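Enquirer: Sending over data_12.cif (mmCIF, C-alpha atoms).
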```
data_target
#
loop_
_atom_site.group_PDB
_atom_site.id
_atom_site.type_symbol
_atom_site.label_atom_id
_atom_site.label_comp_id
_atom_site.auth_asym_id
_atom_site.auth_seq_id
_atom_site.Cartn_x
_atom_site.Cartn_y
_atom_site.Cartn_z
ATOM 1 C CA MET P 1203 0.000 0.000 0.000
ATOM 2 C CA TYR P 1204 1.205 3.470 -0.842
ATOM 3 C CA LEU P 1205 0.308 6.875 0.557
ATOM 4 C CA ALA P 1206 0.150 9.926 -1.692
ATOM 5 C CA LYS P 1207 0.167 13.245 0.127
ATOM 6 C CA VAL P 1208 -1.207 15.901 -2.198
ATOM 7 C CA TYR P 1209 -1.007 19.649 -1.505
ATOM 8 C CA VAL P 1210 -3.218 21.962 -3.556
ATOM 9 C CA THR P 1211 -2.655 25.705 -3.270
ATOM 10 C CA TYR P 1212 -3.788 28.778 -5.156
ATOM 11 C CA LYS P 1213 -1.488 30.147 -7.819
ATOM 12 C CA PRO P 1214 0.263 33.299 -6.578
ATOM 13 C CA SER P 1215 -1.784 35.525 -8.892
ATOM 14 C CA ILE P 1216 -5.110 34.323 -7.447
ATOM 15 C CA LEU P 1217 -6.745 36.185 -4.567
ATOM 16 C CA ASP P 1218 -7.111 34.093 -1.425
ATOM 17 C CA PRO P 1219 -9.792 35.798 0.698
ATOM 18 C CA LYS P 1220 -9.925 32.981 3.260
ATOM 19 C CA GLY P 1221 -6.180 33.239 3.790
ATOM 20 C CA GLU P 1222 -6.549 37.006 4.254
ATOM 21 C CA ALA P 1223 -9.355 36.475 6.770
ATOM 22 C CA ILE P 1224 -7.229 34.027 8.752
ATOM 23 C CA LYS P 1225 -4.322 36.470 8.743
ATOM 24 C CA ASP P 1226 -6.628 39.198 10.100
ATOM 25 C CA ALA P 1227 -7.938 36.848 12.774
ATOM 26 C CA LEU P 1228 -4.389 35.960 13.830
ATOM 27 C CA HIS P 1229 -3.576 39.663 14.086
ATOM 28 C CA ARG P 1230 -6.615 40.153 16.315
ATOM 29 C CA LEU P 1231 -5.263 37.335 18.499
ATOM 30 C CA ASP P 1232 -2.054 39.408 18.855
ATOM 31 C CA TYR P 1233 0.091 37.420 16.444
ATOM 32 C CA GLU P 1234 1.233 40.645 14.822
ATOM 33 C CA ASN P 1235 4.328 38.977 13.393
ATOM 34 C CA VAL P 1236 2.259 36.993 10.852
ATOM 35 C CA ALA P 1237 2.994 38.457 7.422
ATOM 36 C CA ALA P 1238 0.884 36.274 5.138
ATOM 37 C CA VAL P 1239 -1.412 33.258 5.250
ATOM 38 C CA THR P 1240 -2.546 31.067 2.391
ATOM 39 C CA LEU P 1241 -5.089 28.309 2.738
ATOM 40 C CA GLY P 1242 -4.858 25.182 0.648
ATOM 41 C CA LYS P 1243 -6.165 21.649 0.561
ATOM 42 C CA TYR P 1244 -4.350 18.573 1.730
ATOM 43 C CA PHE P 1245 -5.316 15.083 0.558
ATOM 44 C CA GLU P 1246 -4.047 11.783 1.850
ATOM 45 C CA ILE P 1247 -4.734 9.048 -0.677
ATOM 46 C CA LYS P 1248 -4.034 5.424 0.089
ATOM 47 C CA LEU P 1249 -3.657 3.343 -3.024
ATOM 48 C CA THR P 1250 -2.329 0.075 -4.312
ATOM 49 C CA PRO P 1251 -0.158 -0.168 -7.431
ATOM 50 C CA GLY P 1252 -2.273 0.014 -10.594
ATOM 51 C CA GLU P 1253 -1.557 -0.467 -14.278
ATOM 52 C CA LYS P 1254 0.230 2.872 -14.593
ATOM 53 C CA PRO P 1255 3.079 4.265 -12.496
ATOM 54 C CA LEU P 1256 1.665 5.788 -9.330
ATOM 55 C CA ALA P 1257 3.134 9.249 -9.931
ATOM 56 C CA GLU P 1258 1.492 9.383 -13.342
ATOM 57 C CA GLN P 1259 -1.825 8.349 -11.800
ATOM 58 C CA VAL P 1260 -1.646 10.937 -9.034
ATOM 59 C CA ASP P 1261 -0.793 13.614 -11.606
ATOM 60 C CA GLU P 1262 -3.906 12.650 -13.554
ATOM 61 C CA MET P 1263 -6.098 12.642 -10.440
ATOM 62 C CA CYS P 1264 -4.963 16.164 -9.617
ATOM 63 C CA ASP P 1265 -5.571 17.413 -13.142
ATOM 64 C CA ARG P 1266 -8.951 15.737 -13.468
ATOM 65 C CA LEU P 1267 -10.462 16.082 -10.005
ATOM 66 C CA LEU P 1268 -8.431 17.327 -7.065
ATOM 67 C CA ALA P 1269 -7.167 20.673 -8.349
ATOM 68 C CA ASN P 1270 -8.659 23.381 -10.518
ATOM 69 C CA VAL P 1271 -5.631 23.829 -12.712
ATOM 70 C CA ASN P 1272 -6.802 27.254 -13.867
ATOM 71 C CA MET P 1273 -6.475 28.663 -10.382
ATOM 72 C CA GLU P 1274 -4.563 26.113 -8.375
ATOM 73 C CA THR P 1275 -1.229 24.387 -8.404
ATOM 74 C CA TYR P 1276 -0.380 21.086 -6.757
ATOM 75 C CA ARG P 1277 2.506 19.004 -5.571
ATOM 76 C CA TYR P 1278 2.629 15.548 -4.042
ATOM 77 C CA GLU P 1279 4.817 12.985 -2.354
ATOM 78 C CA ILE P 1280 4.318 9.253 -2.592
ATOM 79 C CA THR P 1281 5.626 6.988 0.132
ATOM 80 C CA GLU P 1282 5.318 3.266 0.685
ATOM 81 C CA LEU P 1283 3.402 2.281 3.805
ATOM 82 C CA GLU P 1284 4.656 -0.530 5.956
ATOM 83 C CA ALA P 1285 2.474 -3.587 5.734
ATOM 84 C CA MET C 1495 11.230 35.493 7.457
ATOM 85 C CA TYR C 1496 10.021 32.004 8.302
ATOM 86 C CA LEU C 1497 7.450 29.742 6.688
ATOM 87 C CA ALA C 1498 5.256 27.489 8.797
ATOM 88 C CA LYS C 1499 3.513 24.714 6.868
ATOM 89 C CA VAL C 1500 0.564 23.497 8.905
ATOM 90 C CA TYR C 1501 -1.416 20.342 8.114
ATOM 91 C CA VAL C 1502 -4.783 19.875 9.773
ATOM 92 C CA THR C 1503 -6.533 16.526 9.415
ATOM 93 C CA TYR C 1504 -9.481 14.812 11.033
ATOM 94 C CA LYS C 1505 -8.788 12.462 13.883
ATOM 95 C CA PRO C 1506 -9.097 8.836 12.768
ATOM 96 C CA SER C 1507 -12.329 8.348 14.726
ATOM 97 C CA ILE C 1508 -14.100 11.238 12.946
ATOM 98 C CA LEU C 1509 -16.160 10.596 9.815
ATOM 99 C CA ASP C 1510 -14.825 12.371 6.725
ATOM 100 C CA PRO C 1511 -17.714 12.511 4.229
ATOM 101 C CA LYS C 1512 -15.845 14.748 1.778
ATOM 102 C CA GLY C 1513 -12.966 12.300 1.689
ATOM 103 C CA GLU C 1514 -15.438 9.479 1.037
ATOM 104 C CA ALA C 1515 -17.065 11.475 -1.769
ATOM 105 C CA ILE C 1516 -13.681 12.088 -3.385
ATOM 106 C CA LYS C 1517 -12.833 8.396 -3.136
ATOM 107 C CA ASP C 1518 -16.117 7.527 -4.852
ATOM 108 C CA ALA C 1519 -15.441 10.110 -7.566
ATOM 109 C CA LEU C 1520 -11.967 8.654 -8.163
ATOM 110 C CA HIS C 1521 -13.484 5.196 -8.467
ATOM 111 C CA ARG C 1522 -15.928 6.519 -11.059
ATOM 112 C CA LEU C 1523 -12.924 7.892 -12.966
ATOM 113 C CA ASP C 1524 -11.567 4.309 -13.006
ATOM 114 C CA TYR C 1525 -8.958 4.714 -10.296
ATOM 115 C CA GLU C 1526 -10.136 1.515 -8.681
ATOM 116 C CA ASN C 1527 -6.851 1.084 -6.821
ATOM 117 C CA VAL C 1528 -7.642 3.979 -4.476
ATOM 118 C CA ALA C 1529 -8.329 2.499 -1.045
ATOM 119 C CA ALA C 1530 -8.982 5.594 1.063
ATOM 120 C CA VAL C 1531 -9.012 9.386 0.805
ATOM 121 C CA THR C 1532 -8.947 11.918 3.596
ATOM 122 C CA LEU C 1533 -9.291 15.628 3.066
ATOM 123 C CA GLY C 1534 -7.508 18.098 5.290
ATOM 124 C CA LYS C 1535 -6.459 21.716 5.356
ATOM 125 C CA TYR C 1536 -3.056 23.058 4.532
ATOM 126 C CA PHE C 1537 -1.889 26.478 5.722
ATOM 127 C CA GLU C 1538 1.231 28.319 4.705
ATOM 128 C CA ILE C 1539 2.009 31.036 7.233
ATOM 129 C CA LYS C 1540 4.812 33.506 6.692
ATOM 130 C CA LEU C 1541 5.973 35.091 9.897
ATOM 131 C CA THR C 1542 8.830 36.973 11.459
ATOM 132 C CA PRO C 1543 10.335 35.993 14.824
ATOM 133 C CA GLY C 1544 8.164 37.244 17.695
ATOM 134 C CA GLU C 1545 8.569 37.356 21.438
ATOM 135 C CA LYS C 1546 7.973 33.638 21.862
ATOM 136 C CA PRO C 1547 9.676 30.747 20.064
ATOM 137 C CA LEU C 1548 8.011 30.223 16.707
ATOM 138 C CA ALA C 1549 7.057 26.601 17.346
ATOM 139 C CA GLU C 1550 5.257 27.595 20.533
ATOM 140 C CA GLN C 1551 3.425 30.343 18.643
ATOM 141 C CA VAL C 1552 2.361 28.026 15.833
ATOM 142 C CA ASP C 1553 1.146 25.484 18.381
ATOM 143 C CA GLU C 1554 -0.987 28.187 19.973
ATOM 144 C CA MET C 1555 -2.365 29.374 16.630
ATOM 145 C CA CYS C 1556 -3.448 25.825 15.809
ATOM 146 C CA ASP C 1557 -5.096 25.327 19.190
ATOM 147 C CA ARG C 1558 -6.839 28.696 19.167
ATOM 148 C CA LEU C 1559 -7.829 29.167 15.537
ATOM 149 C CA LEU C 1560 -6.603 26.843 12.816
ATOM 150 C CA ALA C 1561 -7.729 23.464 14.104
ATOM 151 C CA ASN C 1562 -10.779 22.259 15.973
ATOM 152 C CA VAL C 1563 -8.901 20.163 18.487
ATOM 153 C CA ASN C 1564 -12.002 18.164 19.379
ATOM 154 C CA MET C 1565 -12.175 16.703 15.883
ATOM 155 C CA GLU C 1566 -8.909 17.524 14.224
ATOM 156 C CA THR C 1567 -5.238 16.941 14.721
ATOM 157 C CA TYR C 1568 -2.399 19.013 13.307
ATOM 158 C CA ARG C 1569 1.287 18.933 12.559
ATOM 159 C CA TYR C 1570 3.611 21.571 11.200
ATOM 160 C CA GLU C 1571 7.073 22.255 9.874
ATOM 161 C CA ILE C 1572 8.869 25.576 10.197
ATOM 162 C CA THR C 1573 11.576 26.522 7.731
ATOM 163 C CA GLU C 1574 13.597 29.673 7.279
ATOM 164 C CA LEU C 1575 13.012 31.479 3.993
ATOM 165 C CA GLU C 1576 15.949 32.870 2.100
ATOM 166 C CA ALA C 1577 15.998 36.644 2.100
#
```
Would you give me this structure, written as structure tokens?

Expert:
Amino acid sequence: MYLAKVYVTYKPSILDPKGEAIKDALHRLDYENVAAVTLGKYFEIKLTPGEKPLAEQVDEMCDRLLANVNMETYRYEITELEA
Amino acid sequence: MYLAKVYVTYKPSILDPKGEAIKDALHRLDYENVAAVTLGKYFEIKLTPGEKPLAEQVDEMCDRLLANVNMETYRYEITELEA
């Protein structure tokens, strides 16, 4: 069994109002040293080896379902889980 | 400037209906080898050194704002950004 950790974040040019709101909330909680916050999605996908290489499959999953490639960018790591 | 990468995920005992829905969608896209999907949040926080150690601050931010500690668990990494 393998574990793919997928991180989906907005492209730098895209406004992130939730991240801004969290930054403001942290400032109100007196964390004045916070300069910027961005909010993304984090997927953990457990999968078994398929017909294609796993990295190719995870790439496809991101492009087709997990990320909106117009606005978002993604990266991932794949690790083998101990049985 | 430092970058804190914060990962917030549901505790294992908590139902994750969005993760289940994504797993089902991946199965419909013929990724039958996907065994489980969990959906979490991913924060990138840029911050400058404050009065307290950064790790202590990030811990506090998670407990107070970023994670619902009744249902969620978190982990983070702090790295120094090049100037």

Enquirer: Excluding Glu1514 of chain C and residues on its chain fewer than 5 positions from it, collect all residues at most 8 Å away from it, counting all atoms listed in the file, and give them as a short mmCIF file (atom, residue, chain, number, x, y, z; two decimals) with C-alpha atoms, in the coordinates of the input.

Expert:
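Heads up, here's the output in around-v3.cif:
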```cif
data_model
loop_
_atom_site.label_atom_id
_atom_site.label_comp_id
_atom_site.auth_asym_id
_atom_site.auth_seq_id
_atom_site.Cartn_x
_atom_site.Cartn_y
_atom_site.Cartn_z
CA ALA C 1530 -8.98 5.59 1.06
CA VAL C 1531 -9.01 9.39 0.80
CA THR C 1532 -8.95 11.92 3.60
#
```

Enquirer: If we count only C-alpha atoms and set the cut-off at 12 Å, which residues sit around Ala1269 of chain P, ignoring sequence neighbours fewer than 4 positions away in its own chain? Please answer as a PyMOL selection string.

Expert: (chain P and resi 1208-1213+1242-1245+1260-1265+1273-1278) or (chain C and resi 1516)

Enquirer: Output the residue selection produced by the PyMOL selection byres ((chain C and resi 1495) around 10) on the file above, formatted as a PDB file with C-alpha atoms, in the frame of the given file.

Expert:
```pdb
ATOM      1  CA  ASN P1235       4.328  38.977  13.393  1.00  0.00           C
ATOM      2  CA  VAL P1236       2.259  36.993  10.852  1.00  0.00           C
ATOM      3  CA  ALA P1237       2.994  38.457   7.422  1.00  0.00           C
TER       4      ALA P1237
ATOM      5  CA  TYR C1496      10.021  32.004   8.302  1.00  0.00           C
ATOM      6  CA  LEU C1497       7.450  29.742   6.688  1.00  0.00           C
ATOM      7  CA  LYS C1540       4.812  33.506   6.692  1.00  0.00           C
ATOM      8  CA  LEU C1541       5.973  35.091   9.897  1.00  0.00           C
ATOM      9  CA  THR C1542       8.830  36.973  11.459  1.00  0.00           C
ATOM     10  CA  PRO C1543      10.335  35.993  14.824  1.00  0.00           C
ATOM     11  CA  THR C1573      11.576  26.522   7.731  1.00  0.00           C
ATOM     12  CA  GLU C1574      13.597  29.673   7.279  1.00  0.00           C
ATOM     13  CA  LEU C1575      13.012  31.479   3.993  1.00  0.00           C
ATOM     14  CA  GLU C1576      15.949  32.870   2.100  1.00  0.00           C
ATOM     15  CA  ALA C1577      15.998  36.644   2.100  1.00  0.00           C
TER      16      ALA C1577
END
```

Enquirer: Atom CA of Leu1533 of chain C and atom CA of Glu1246 of chain P, how far apart in Å?

Expert: 6.6 Å

Enquirer: Taking into account only C-alpha atoms, which residue in the set P:Ala1257, P:Ala1227, P:Ile1280, P:Ile1216 is nearest to chain C?

Expert: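 Looking at the shortest contact to chain C, the residue is P:Ala1227.
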
Enquirer: Please report the interatomic distance between atom CA of Ala1498 of chain C and atom CA of Leu1548 of chain C in Å with one decimal.

Expert: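 Value for the atom CA of Ala1498 of chain C-atom CA of Leu1548 of chain C distance: 8.8 Å.
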
Enquirer: Work out how far atom CA of Glu1253 of chain P is from atom CA of Asn1270 of chain P, in Å to one decimal.

Expert: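 Spanning atom CA of Asn1270 of chain P to atom CA of Glu1253 of chain P is a straight-line distance of 25.2 Å.
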
Enquirer: Closest to chain P among C:Val1563, C:Ile1539, C:Ala1515, C:Leu1523, using all atoms listed in the file?

Expert: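 Smallest distance to chain P is found for C:Ile1539.
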
Enquirer: Restricting the calculation to only C-alpha atoms: of C:Lys1499, C:Gly1544, C:Gly1513, C:Leu1559, which residue gets closest to Glu1234 of chain P?

Expert: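 Of C:Lys1499, C:Gly1544, C:Gly1513, C:Leu1559, the one nearest Glu1234 of chain P is C:Gly1544, counting only C-alpha atoms.
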
Enquirer: Could you write segment 1557-1568 of chain C as a PDB file, keeping the file's coordinate frame, with all heavy atoms rebuilt where they are missing?

Expert:
```pdb
ATOM      1  N   ASP C1557      -4.142  25.626  18.122  1.00  0.00           N
ATOM      2  CA  ASP C1557      -5.096  25.327  19.190  1.00  0.00           C
ATOM      3  C   ASP C1557      -6.206  26.361  19.253  1.00  0.00           C
ATOM      4  O   ASP C1557      -7.363  26.048  19.542  1.00  0.00           O
ATOM      5  CB  ASP C1557      -4.366  25.289  20.546  1.00  0.00           C
ATOM      6  CG  ASP C1557      -3.539  24.029  20.717  1.00  0.00           C
ATOM      7  OD1 ASP C1557      -3.910  23.004  20.107  1.00  0.00           O
ATOM      8  OD2 ASP C1557      -2.545  24.066  21.445  1.00  0.00           O
ATOM      9  N   ARG C1558      -5.872  27.622  18.987  1.00  0.00           N
ATOM     10  CA  ARG C1558      -6.839  28.696  19.167  1.00  0.00           C
ATOM     11  C   ARG C1558      -7.680  28.977  17.930  1.00  0.00           C
ATOM     12  O   ARG C1558      -8.809  29.461  18.039  1.00  0.00           O
ATOM     13  CB  ARG C1558      -6.120  29.991  19.576  1.00  0.00           C
ATOM     14  CG  ARG C1558      -5.448  29.892  20.933  1.00  0.00           C
ATOM     15  CD  ARG C1558      -4.655  31.133  21.256  1.00  0.00           C
ATOM     16  NE  ARG C1558      -5.506  32.284  21.550  1.00  0.00           N
ATOM     17  CZ  ARG C1558      -5.033  33.514  21.764  1.00  0.00           C
ATOM     18  NH1 ARG C1558      -3.733  33.748  21.686  1.00  0.00           N
ATOM     19  NH2 ARG C1558      -5.845  34.511  22.033  1.00  0.00           N
ATOM     20  N   LEU C1559      -7.109  28.730  16.739  1.00  0.00           N
ATOM     21  CA  LEU C1559      -7.829  29.167  15.537  1.00  0.00           C
ATOM     22  C   LEU C1559      -7.854  28.153  14.393  1.00  0.00           C
ATOM     23  O   LEU C1559      -8.895  27.918  13.787  1.00  0.00           O
ATOM     24  CB  LEU C1559      -7.210  30.482  15.033  1.00  0.00           C
ATOM     25  CG  LEU C1559      -7.947  31.134  13.860  1.00  0.00           C
ATOM     26  CD1 LEU C1559      -9.223  31.783  14.338  1.00  0.00           C
ATOM     27  CD2 LEU C1559      -7.076  32.147  13.147  1.00  0.00           C
ATOM     28  N   LEU C1560      -6.702  27.562  14.087  1.00  0.00           N
ATOM     29  CA  LEU C1560      -6.603  26.843  12.816  1.00  0.00           C
ATOM     30  C   LEU C1560      -7.230  25.456  12.853  1.00  0.00           C
ATOM     31  O   LEU C1560      -7.740  24.976  11.847  1.00  0.00           O
ATOM     32  CB  LEU C1560      -5.129  26.738  12.387  1.00  0.00           C
ATOM     33  CG  LEU C1560      -4.393  28.078  12.256  1.00  0.00           C
ATOM     34  CD1 LEU C1560      -2.953  27.853  11.842  1.00  0.00           C
ATOM     35  CD2 LEU C1560      -5.086  28.988  11.257  1.00  0.00           C
ATOM     36  N   ALA C1561      -7.190  24.822  14.009  1.00  0.00           N
ATOM     37  CA  ALA C1561      -7.729  23.464  14.104  1.00  0.00           C
ATOM     38  C   ALA C1561      -8.822  23.420  15.173  1.00  0.00           C
ATOM     39  O   ALA C1561      -8.770  24.149  16.156  1.00  0.00           O
ATOM     40  CB  ALA C1561      -6.621  22.478  14.457  1.00  0.00           C
ATOM     41  N   ASN C1562      -9.794  22.580  14.946  1.00  0.00           N
ATOM     42  CA  ASN C1562     -10.779  22.259  15.973  1.00  0.00           C
ATOM     43  C   ASN C1562     -10.242  21.026  16.704  1.00  0.00           C
ATOM     44  O   ASN C1562     -10.342  19.906  16.197  1.00  0.00           O
ATOM     45  CB  ASN C1562     -12.119  21.962  15.309  1.00  0.00           C
ATOM     46  CG  ASN C1562     -13.143  21.454  16.294  1.00  0.00           C
ATOM     47  OD1 ASN C1562     -12.804  21.103  17.419  1.00  0.00           O
ATOM     48  ND2 ASN C1562     -14.385  21.399  15.867  1.00  0.00           N
ATOM     49  N   VAL C1563      -9.648  21.247  17.856  1.00  0.00           N
ATOM     50  CA  VAL C1563      -8.901  20.163  18.487  1.00  0.00           C
ATOM     51  C   VAL C1563      -9.798  19.037  19.006  1.00  0.00           C
ATOM     52  O   VAL C1563      -9.309  17.970  19.364  1.00  0.00           O
ATOM     53  CB  VAL C1563      -7.982  20.672  19.628  1.00  0.00           C
ATOM     54  CG1 VAL C1563      -6.851  21.516  19.059  1.00  0.00           C
ATOM     55  CG2 VAL C1563      -8.768  21.456  20.652  1.00  0.00           C
ATOM     56  N   ASN C1564     -11.102  19.262  19.027  1.00  0.00           N
ATOM     57  CA  ASN C1564     -12.002  18.164  19.379  1.00  0.00           C
ATOM     58  C   ASN C1564     -12.065  17.119  18.272  1.00  0.00           C
ATOM     59  O   ASN C1564     -12.216  15.937  18.537  1.00  0.00           O
ATOM     60  CB  ASN C1564     -13.416  18.695  19.629  1.00  0.00           C
ATOM     61  CG  ASN C1564     -13.458  19.600  20.828  1.00  0.00           C
ATOM     62  OD1 ASN C1564     -13.056  19.207  21.902  1.00  0.00           O
ATOM     63  ND2 ASN C1564     -13.927  20.822  20.629  1.00  0.00           N
ATOM     64  N   MET C1565     -11.981  17.592  17.027  1.00  0.00           N
ATOM     65  CA  MET C1565     -12.175  16.703  15.883  1.00  0.00           C
ATOM     66  C   MET C1565     -10.931  16.541  15.026  1.00  0.00           C
ATOM     67  O   MET C1565     -10.842  15.617  14.227  1.00  0.00           O
ATOM     68  CB  MET C1565     -13.288  17.260  14.985  1.00  0.00           C
ATOM     69  CG  MET C1565     -14.640  17.275  15.635  1.00  0.00           C
ATOM     70  SD  MET C1565     -15.796  18.249  14.647  1.00  0.00           S
ATOM     71  CE  MET C1565     -15.823  17.314  13.134  1.00  0.00           C
ATOM     72  N   GLU C1566     -10.014  17.486  15.165  1.00  0.00           N
ATOM     73  CA  GLU C1566      -8.909  17.524  14.224  1.00  0.00           C
ATOM     74  C   GLU C1566      -7.569  17.411  14.947  1.00  0.00           C
ATOM     75  O   GLU C1566      -7.452  17.733  16.121  1.00  0.00           O
ATOM     76  CB  GLU C1566      -8.940  18.828  13.423  1.00  0.00           C
ATOM     77  CG  GLU C1566     -10.135  18.929  12.495  1.00  0.00           C
ATOM     78  CD  GLU C1566     -10.322  20.315  11.908  1.00  0.00           C
ATOM     79  OE1 GLU C1566      -9.935  21.317  12.553  1.00  0.00           O
ATOM     80  OE2 GLU C1566     -10.868  20.393  10.805  1.00  0.00           O
ATOM     81  N   THR C1567      -6.595  16.986  14.227  1.00  0.00           N
ATOM     82  CA  THR C1567      -5.238  16.941  14.721  1.00  0.00           C
ATOM     83  C   THR C1567      -4.370  17.730  13.744  1.00  0.00           C
ATOM     84  O   THR C1567      -4.760  17.942  12.600  1.00  0.00           O
ATOM     85  CB  THR C1567      -4.782  15.472  14.869  1.00  0.00           C
ATOM     86  OG1 THR C1567      -3.471  15.442  15.400  1.00  0.00           O
ATOM     87  CG2 THR C1567      -4.767  14.758  13.542  1.00  0.00           C
ATOM     88  N   TYR C1568      -3.230  18.211  14.195  1.00  0.00           N
ATOM     89  CA  TYR C1568      -2.399  19.013  13.307  1.00  0.00           C
ATOM     90  C   TYR C1568      -0.935  18.671  13.481  1.00  0.00           C
ATOM     91  O   TYR C1568      -0.517  18.119  14.494  1.00  0.00           O
ATOM     92  CB  TYR C1568      -2.624  20.517  13.563  1.00  0.00           C
ATOM     93  CG  TYR C1568      -2.297  20.975  14.959  1.00  0.00           C
ATOM     94  CD1 TYR C1568      -0.990  21.302  15.315  1.00  0.00           C
ATOM     95  CD2 TYR C1568      -3.279  21.080  15.932  1.00  0.00           C
ATOM     96  CE1 TYR C1568      -0.680  21.712  16.594  1.00  0.00           C
ATOM     97  CE2 TYR C1568      -2.988  21.486  17.217  1.00  0.00           C
ATOM     98  CZ  TYR C1568      -1.681  21.799  17.542  1.00  0.00           C
ATOM     99  OH  TYR C1568      -1.368  22.192  18.812  1.00  0.00           O
TER     100      TYR C1568
END
```
